[in-house]
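S.K.: Provided below: coords_6.csv, containing CSV, C-alpha atoms.
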chain,number,residue,atom,x,y,z
A,1,MET,CA,-24.3,7.7,-142.7
A,2,THR,CA,-26.4,10.9,-142.5
A,3,ALA,CA,-25.8,14.1,-144.5
A,4,VAL,CA,-24.5,15.8,-141.3
A,5,THR,CA,-22.2,13.0,-140.2
A,6,GLU,CA,-20.7,12.8,-143.7
A,7,VAL,CA,-20.2,16.6,-143.8
A,8,ILE,CA,-18.5,16.6,-140.4
A,9,GLU,CA,-16.3,13.6,-141.4
A,10,GLN,CA,-15.2,15.5,-144.5
A,11,LEU,CA,-14.6,18.8,-142.7
A,12,SER,CA,-12.6,17.0,-139.9
A,13,GLY,CA,-9.8,16.4,-142.3
A,14,ASP,CA,-8.6,20.0,-142.0
A,15,ARG,CA,-10.1,21.3,-138.8
A,16,PRO,CA,-11.0,20.0,-135.3
A,17,ILE,CA,-14.8,19.4,-135.6
A,18,GLU,CA,-16.8,16.6,-134.0
A,19,LEU,CA,-20.4,15.6,-133.8
A,20,VAL,CA,-22.0,15.8,-130.3
A,21,ARG,CA,-25.6,14.9,-130.9
A,22,ARG,CA,-28.5,15.3,-133.2
A,23,PHE,CA,-31.4,17.5,-132.1
A,24,ASP,CA,-34.7,15.8,-131.7
A,25,HIS,CA,-36.5,18.7,-133.4
A,26,GLY,CA,-34.1,19.2,-136.2
A,27,ALA,CA,-34.9,18.4,-139.8
A,28,TRP,CA,-32.3,17.0,-142.1
A,29,GLY,CA,-30.2,15.8,-139.2
A,30,THR,CA,-29.6,19.3,-137.6
A,31,SER,CA,-26.9,18.6,-135.0
A,32,LEU,CA,-24.8,20.0,-132.3
A,33,ALA,CA,-21.1,19.8,-133.0
A,34,LEU,CA,-17.9,21.2,-131.5
A,35,LEU,CA,-15.7,23.3,-133.8
A,36,SER,CA,-12.3,24.1,-132.3
A,37,GLY,CA,-14.0,23.3,-128.9
A,38,GLU,CA,-16.9,25.7,-129.4
A,39,PRO,CA,-20.5,24.5,-129.8
A,40,VAL,CA,-22.0,25.1,-133.2
A,41,VAL,CA,-25.1,23.8,-135.1
A,42,VAL,CA,-24.6,22.0,-138.4
A,43,LYS,CA,-27.2,21.4,-141.0
A,44,ALA,CA,-26.8,19.5,-144.3
A,45,TRP,CA,-28.8,18.5,-147.4
A,46,PRO,CA,-28.1,16.6,-150.6
A,47,THR,CA,-26.8,19.4,-152.9
A,48,SER,CA,-28.5,20.5,-156.1
A,49,PRO,CA,-28.9,23.8,-158.1
A,50,ILE,CA,-32.4,24.2,-156.7
A,51,ARG,CA,-31.2,23.6,-153.1
A,52,GLU,CA,-28.5,26.2,-153.6
A,53,ARG,CA,-30.9,28.8,-155.0
A,54,THR,CA,-33.3,28.1,-152.1
A,55,LEU,CA,-30.5,28.6,-149.6
A,56,ASP,CA,-29.4,31.8,-151.3
A,57,ARG,CA,-32.9,33.2,-151.0
A,58,GLY,CA,-33.3,32.0,-147.4
A,59,ILE,CA,-30.0,33.4,-146.2
A,60,ARG,CA,-30.7,36.7,-147.8
A,61,CYS,CA,-34.1,37.0,-146.2
A,62,ALA,CA,-32.7,35.9,-142.8
A,63,ALA,CA,-30.1,38.7,-143.0
A,64,VAL,CA,-32.8,41.3,-143.6
A,65,MET,CA,-34.8,40.0,-140.6
A,66,ALA,CA,-31.7,40.0,-138.3
A,67,ALA,CA,-31.2,43.7,-139.2
A,68,ARG,CA,-34.8,44.2,-138.1
A,69,GLN,CA,-34.0,42.8,-134.6
A,70,VAL,CA,-35.3,39.3,-135.1
A,71,PRO,CA,-33.0,37.0,-133.0
A,72,ILE,CA,-31.5,34.7,-135.6
A,73,PRO,CA,-28.3,32.6,-135.1
A,74,ARG,CA,-25.3,33.9,-137.0
A,75,LEU,CA,-24.3,32.0,-140.1
A,76,LEU,CA,-20.6,31.1,-139.6
A,77,GLU,CA,-19.9,29.0,-142.7
A,78,ARG,CA,-21.6,27.7,-145.9
A,79,GLY,CA,-20.2,25.2,-148.3
A,80,ILE,CA,-20.5,22.0,-150.3
A,81,VAL,CA,-18.7,18.8,-149.5
A,82,ALA,CA,-19.3,15.2,-150.4
A,83,ASP,CA,-22.3,16.1,-152.6
A,84,HIS,CA,-24.0,17.9,-149.6
A,85,SER,CA,-24.7,21.6,-149.1
A,86,TYR,CA,-24.0,22.5,-145.5
A,87,LEU,CA,-24.4,25.4,-143.1
A,88,ILE,CA,-22.7,26.0,-139.8
A,89,TYR,CA,-24.5,28.3,-137.3
A,90,GLU,CA,-23.6,29.7,-134.0
A,91,PHE,CA,-25.1,27.8,-131.0
A,92,VAL,CA,-27.8,29.8,-129.1
A,93,GLU,CA,-28.9,28.8,-125.7
A,94,GLY,CA,-32.6,27.9,-125.3
A,95,GLU,CA,-35.2,25.2,-125.4
A,96,TRP,CA,-38.1,24.4,-127.7
A,97,PRO,CA,-41.2,25.5,-125.9
A,98,PRO,CA,-43.7,22.6,-125.3
A,99,SER,CA,-46.5,25.1,-124.9
A,100,ILE,CA,-47.3,28.8,-125.7
A,101,ASP,CA,-48.4,31.1,-123.0
A,102,LEU,CA,-49.6,34.7,-123.4
A,103,GLY,CA,-46.2,36.2,-123.2
A,104,LEU,CA,-44.7,33.9,-125.9
A,105,ALA,CA,-47.8,34.5,-128.1
A,106,ARG,CA,-47.3,38.2,-128.0
A,107,GLN,CA,-43.6,37.8,-128.8
A,108,MET,CA,-44.4,35.6,-131.8
A,109,LEU,CA,-46.8,38.1,-133.2
A,110,THR,CA,-44.3,40.9,-132.7
A,111,LEU,CA,-41.6,39.0,-134.6
A,112,ILE,CA,-43.9,38.2,-137.4
A,113,ASP,CA,-45.0,41.8,-137.6
A,114,ARG,CA,-41.4,42.8,-138.3
A,115,GLN,CA,-41.5,40.7,-141.5
A,116,ARG,CA,-44.1,43.1,-143.0
A,117,ASP,CA,-42.7,45.1,-145.9
A,118,ALA,CA,-39.3,43.6,-145.4
A,119,ALA,CA,-38.9,42.0,-148.9
A,120,PRO,CA,-35.4,42.7,-150.2
A,121,GLY,CA,-36.6,43.3,-153.7
A,122,PRO,CA,-39.8,43.3,-155.8
A,123,GLU,CA,-41.5,40.0,-156.6
A,124,PRO,CA,-42.1,39.9,-160.4
A,125,ARG,CA,-45.2,37.7,-160.2
A,126,SER,CA,-48.5,38.7,-158.5
A,127,ALA,CA,-49.5,37.0,-155.3
A,128,PRO,CA,-52.5,35.2,-156.9
A,129,ALA,CA,-50.1,33.8,-159.6
A,130,LEU,CA,-47.6,32.6,-157.0
A,131,LEU,CA,-50.2,30.9,-154.9
A,132,ALA,CA,-52.0,29.4,-157.9
A,133,THR,CA,-48.7,27.8,-159.0
A,134,MET,CA,-48.2,26.5,-155.4
A,135,LEU,CA,-51.7,24.9,-155.4
A,136,THR,CA,-51.5,23.4,-158.9
A,137,ASP,CA,-47.9,22.4,-159.4
A,138,GLY,CA,-46.8,22.2,-155.8
A,139,ASP,CA,-43.7,23.5,-154.0
A,140,ALA,CA,-41.1,20.8,-153.0
A,141,THR,CA,-39.3,23.2,-150.7
A,142,LEU,CA,-42.4,23.5,-148.6
A,143,ASP,CA,-43.5,19.9,-149.0
A,144,ILE,CA,-46.7,21.0,-150.9
A,145,ALA,CA,-47.8,18.2,-153.2
A,146,PRO,CA,-51.2,18.7,-154.8
A,147,ALA,CA,-50.9,15.5,-156.8
A,148,ARG,CA,-51.1,13.5,-153.6
A,149,LEU,CA,-54.2,15.3,-152.5
A,150,ARG,CA,-56.0,14.6,-155.8
A,151,GLU,CA,-55.7,10.9,-155.1
A,152,HIS,CA,-57.5,11.1,-151.7
A,153,PRO,CA,-61.1,12.0,-151.0
A,154,ALA,CA,-60.4,14.3,-148.1
A,155,GLY,CA,-57.4,15.6,-149.9
A,156,ARG,CA,-59.5,16.5,-153.0
A,157,THR,CA,-61.9,18.4,-150.7
A,158,ILE,CA,-59.1,20.4,-149.1
A,159,LEU,CA,-57.6,21.2,-152.4
A,160,THR,CA,-60.9,22.2,-154.0
A,161,THR,CA,-61.9,24.4,-151.1
A,162,THR,CA,-58.5,26.1,-151.1
A,163,LEU,CA,-58.6,26.8,-154.9
A,164,ALA,CA,-62.1,28.2,-154.4
A,165,ALA,CA,-60.8,30.5,-151.6
A,166,LEU,CA,-58.0,31.7,-153.9
A,167,GLU,CA,-60.6,32.5,-156.6
A,168,ALA,CA,-62.8,34.3,-154.2
A,169,CYS,CA,-60.0,36.3,-152.5
A,170,ASP,CA,-59.6,40.0,-153.5
A,171,PRO,CA,-56.1,40.2,-155.0
A,172,ARG,CA,-55.6,43.5,-153.2
A,173,ASN,CA,-55.7,41.6,-149.9
A,174,LEU,CA,-52.7,39.5,-150.8
A,175,ARG,CA,-49.2,40.8,-150.4
A,176,THR,CA,-45.8,40.1,-152.0
A,177,THR,CA,-43.9,42.7,-149.9
A,178,ASP,CA,-43.2,40.7,-146.8
A,179,ILE,CA,-40.6,38.1,-145.8
A,180,VAL,CA,-42.1,34.7,-145.1
A,181,HIS,CA,-40.2,32.4,-142.8
A,182,GLY,CA,-41.9,29.4,-144.3
A,183,ASP,CA,-42.3,27.4,-141.1
A,184,PHE,CA,-42.8,29.9,-138.3
A,185,ALA,CA,-43.9,27.6,-135.4
A,186,PRO,CA,-43.1,26.9,-131.8
A,187,GLU,CA,-40.8,24.1,-132.9
A,188,ASN,CA,-38.6,26.7,-134.6
A,189,LEU,CA,-38.2,28.9,-131.6
A,190,LEU,CA,-35.7,28.7,-128.8
A,191,VAL,CA,-36.8,30.1,-125.5
A,192,ARG,CA,-35.0,30.9,-122.2
A,193,ASP,CA,-36.6,32.3,-119.1
A,194,GLY,CA,-39.8,33.1,-121.0
A,195,GLU,CA,-38.0,35.1,-123.8
A,196,ILE,CA,-37.4,34.0,-127.4
A,197,THR,CA,-33.7,33.8,-127.9
A,198,ALA,CA,-33.7,32.6,-131.5
A,199,VAL,CA,-36.0,31.9,-134.5
A,200,VAL,CA,-34.3,29.2,-136.5
A,201,ASP,CA,-34.7,27.4,-139.8
A,202,TRP,CA,-34.8,30.3,-142.2
A,203,GLU,CA,-33.6,28.2,-145.1
A,204,GLN,CA,-37.0,28.2,-146.8
A,205,ALA,CA,-37.6,31.9,-146.4
A,206,ARG,CA,-39.0,33.8,-149.3
A,207,VAL,CA,-40.9,36.9,-150.4
A,208,GLY,CA,-44.7,36.7,-149.8
A,209,ASP,CA,-47.4,37.5,-147.2
A,210,VAL,CA,-47.0,37.2,-143.5
A,211,GLY,CA,-50.4,35.6,-143.5
A,212,PHE,CA,-48.7,32.4,-144.5
A,213,ASP,CA,-46.6,32.4,-141.3
A,214,LEU,CA,-49.6,33.3,-139.2
A,215,ALA,CA,-51.5,30.3,-140.6
A,216,GLY,CA,-48.5,28.1,-140.0
A,217,MET,CA,-48.2,29.2,-136.4
A,218,ILE,CA,-51.9,28.4,-135.8
A,219,TYR,CA,-51.7,25.0,-137.3
A,220,ASP,CA,-48.6,24.0,-135.3
A,221,ILE,CA,-50.2,25.2,-132.1
A,222,GLU,CA,-53.6,23.6,-132.8
A,223,ILE,CA,-52.2,20.2,-133.9
A,224,GLY,CA,-49.9,20.0,-131.0
A,225,ASP,CA,-52.4,21.4,-128.5
A,226,LYS,CA,-49.7,23.9,-127.4
A,227,ALA,CA,-51.9,26.7,-126.0
A,228,ASP,CA,-54.9,26.9,-123.7
A,229,PRO,CA,-58.2,28.2,-125.1
A,230,ASP,CA,-57.7,31.8,-123.8
A,231,VAL,CA,-54.2,32.1,-125.5
A,232,LEU,CA,-55.4,30.5,-128.7
A,233,GLY,CA,-58.5,32.8,-128.7
A,234,GLY,CA,-56.3,35.8,-128.3
A,235,LEU,CA,-54.1,34.7,-131.2
A,236,TYR,CA,-57.1,34.3,-133.5
A,237,ARG,CA,-58.5,37.8,-132.5
A,238,ALA,CA,-55.1,39.4,-133.1
A,239,ILE,CA,-54.9,37.7,-136.5
A,240,HIS,CA,-58.4,38.7,-137.5
A,241,GLU,CA,-57.5,42.3,-136.8
A,242,GLN,CA,-54.4,42.1,-139.0
A,243,LEU,CA,-55.7,40.2,-142.1
A,244,PRO,CA,-58.7,40.5,-144.3
A,245,ARG,CA,-61.0,37.5,-143.7
A,246,ASP,CA,-60.7,36.3,-147.3
A,247,ALA,CA,-56.9,36.3,-147.2
A,248,TRP,CA,-57.0,34.5,-143.8
A,249,ARG,CA,-59.3,31.9,-145.2
A,250,LEU,CA,-57.0,31.3,-148.1
A,251,TYR,CA,-53.8,31.0,-146.0
A,252,LEU,CA,-55.5,28.5,-143.7
A,253,GLY,CA,-56.4,26.5,-146.8
A,254,ILE,CA,-52.9,26.6,-148.2
A,255,TYR,CA,-51.5,25.3,-144.9
A,256,ALA,CA,-54.2,22.6,-144.9
A,257,VAL,CA,-52.8,21.6,-148.3
A,258,ARG,CA,-49.3,21.6,-146.9
A,259,TYR,CA,-50.1,19.5,-143.9
A,260,ALA,CA,-52.2,17.0,-145.8
A,261,SER,CA,-49.5,16.6,-148.4
A,262,TRP,CA,-47.2,14.9,-145.9
A,263,ALA,CA,-49.8,13.4,-143.6
A,264,LEU,CA,-52.1,11.5,-146.0
A,265,GLY,CA,-51.2,7.8,-146.0
A,266,THR,CA,-49.2,8.0,-142.7
A,267,GLU,CA,-50.1,7.3,-139.1
A,268,MET,CA,-50.7,11.0,-138.7
A,269,GLU,CA,-53.4,11.2,-141.3
A,270,ALA,CA,-56.4,11.0,-138.9
A,271,ASP,CA,-55.0,13.5,-136.4
A,272,VAL,CA,-54.0,16.0,-139.1
A,273,LEU,CA,-57.4,15.7,-140.9
A,274,ARG,CA,-59.2,16.3,-137.6
A,275,ALA,CA,-57.1,19.3,-136.9
A,276,ILE,CA,-57.6,20.7,-140.4
A,277,ASP,CA,-61.4,20.2,-140.0
A,278,LYS,CA,-61.4,21.9,-136.6
A,279,ILE,CA,-59.5,24.9,-137.9
A,280,ILE,CA,-61.5,25.2,-141.0
A,281,ARG,CA,-64.8,25.0,-139.1
A,282,ARG,CA,-63.6,27.5,-136.5
A,283,ASN,CA,-63.1,30.0,-139.3
A,284,ASP,CA,-66.3,29.1,-141.4
A,285,GLU,CA,-64.1,27.5,-144.0
A,286,GLY,CA,-66.5,25.1,-145.7
A,287,PRO,CA,-67.6,21.5,-145.6
A,288,ARG,CA,-66.3,19.0,-143.0
A,289,LEU,CA,-63.6,16.7,-144.2
A,290,GLN,CA,-64.7,13.6,-142.4
Give the structure from this file in structure tokens form.

M.R.:
Amino acid sequence: MTAVTEVIEQLSGDRPIELVRRFDHGAWGTSLALLSGEPVVVKAWPTSPIRERTLDRGIRCAAVMAARQVPIPRLLERGIVADHSYLIYEFVEGEWPPSIDLGLARQMLTLIDRQRDAAPGPEPRSAPALLATMLTDGDATLDIAPARLREHPAGRTILTTTLAALEACDPRNLRTTDIVHGDFAPENLLVRDGEITAVVDWEQARVGDVGFDLAGMIYDIEIGDKADPDVLGGLYRAIHEQLPRDAWRLYLGIYAVRYASWALGTEMEADVLRAIDKIIRRNDEGPRLQ
């Protein structure tokens, strides 16, 4: 029994709710359900104090972005049942885009731009300190695990290169005033008739630098080959106009650490390392990884 099915089973004791299907793109069993006959989206995770704090932060950030006209599904209910934290969202019509054309690329950049200076409160730690902790201790909510990279030759190269990029980056070029989605990618967009109808999966959102989301967008598009060269080139040019080169180099490295953290030792390892190498070389990021 998955987390979502267990939550729905528990909730069905006092309301009419039933599972319809699990979404292919959904993490943690994200599923379509009927609540009193109306379609809703249910997400669930094993509960813990860390999980609840992460959800508190993400929900708060999502509310700020919704007020900034980013299309985000309404949160209808939050709770804990059967040792699982759960969220119930409104269902929004749309499909995950298999590719990104010029129109969608422009919309994505516009939505990310609305995250600038949107932080709901000051971040007590500096950007270099936050990123250094991420690269040395890891971040479980973002699946960043430096310890795994240290055990792998290519992983050590990625980690060393990224730590060097952090050391070389001018701290003034790193921000802690933005909201970061944490996984801003085509797979977290819903699109209908060429228009983005929703940006989903804000549960990891936090305060930081939109450069992180710009790097994540590029990695997802490059690894999935989701844009033709002209669209991809336009995205790179737009990003280079928005971010200092040293900051962009750093965020590309951090995302390389993130992708390598889950890919090393899996059937995706070779493909992910090739994509990392391609992106790093495209941006003059250092030695080849293969």

S.K.: Can you tell me, as a PyMOL selection string, what residues are no more than 9 Å from region 231-241 of chain A when counting all atoms listed in the file, ignoring any on the same chain fewer than 6 positions away?

M.R.: chain A and resi 100-102+105-106+109+211+214+218+221-222+248

S.K.: Figure out the distance between CA of Pro124 (chain A) and CA of Thr161 (chain A), please, to one decimal in Å.

M.R.: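 Straight-line distance from CA of Thr161 (chain A) to CA of Pro124 (chain A) works out to 26.8 Å.
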
S.K.: Kindly indicate which residue among A:Asp228, A:Glu9, A:Glu269, A:Glu203 lies nearest to Arg57 (chain A), using only C-alpha atoms for the distances.

M.R.: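 Looking only at the distances to Arg57 (chain A), the closest residue turns out to be A:Glu203.
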
S.K.: Would you mind listing what lies within 7 Å of Glu18 (chain A) as a list of chain:residue names, with all atoms listed in the file counted and same-chain residues fewer than 6 positions away left out?

M.R.: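 Skipping anything fewer than 6 positions along the chain leaves A:Ile8, A:Ala33, A:Leu34, A:Leu35.
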
S.K.: Using C-alpha atoms, can you write the selected residues to a file as a tab-separated table (two decimals), in the coordinates of the input?

M.R.:
chain	number	residue	atom	x	y	z
A	8	ILE	CA	-18.50	16.60	-140.40
A	33	ALA	CA	-21.10	19.80	-133.00
A	34	LEU	CA	-17.90	21.20	-131.50
A	35	LEU	CA	-15.70	23.30	-133.80

S.K.: Show which residues sit within 9 Å of Asp183 (chain A), as a list in words. Count all atoms listed in the file, and ignore same-chain residues fewer than 5 positions away.

M.R.: Leu142, Asn188, Asp201, Trp202, Gln204, Ala205, Phe212, Asp213, Gly216 and Met217 of chain A

S.K.: Which is closer to Arg116 (chain A) than all the others in A:Ala3, A:Leu252, A:Val210, A:Ala140, using only C-alpha atoms?

M.R.: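 Ranking A:Ala3, A:Leu252, A:Val210, A:Ala140 by distance to Arg116 (chain A), first place goes to A:Val210.
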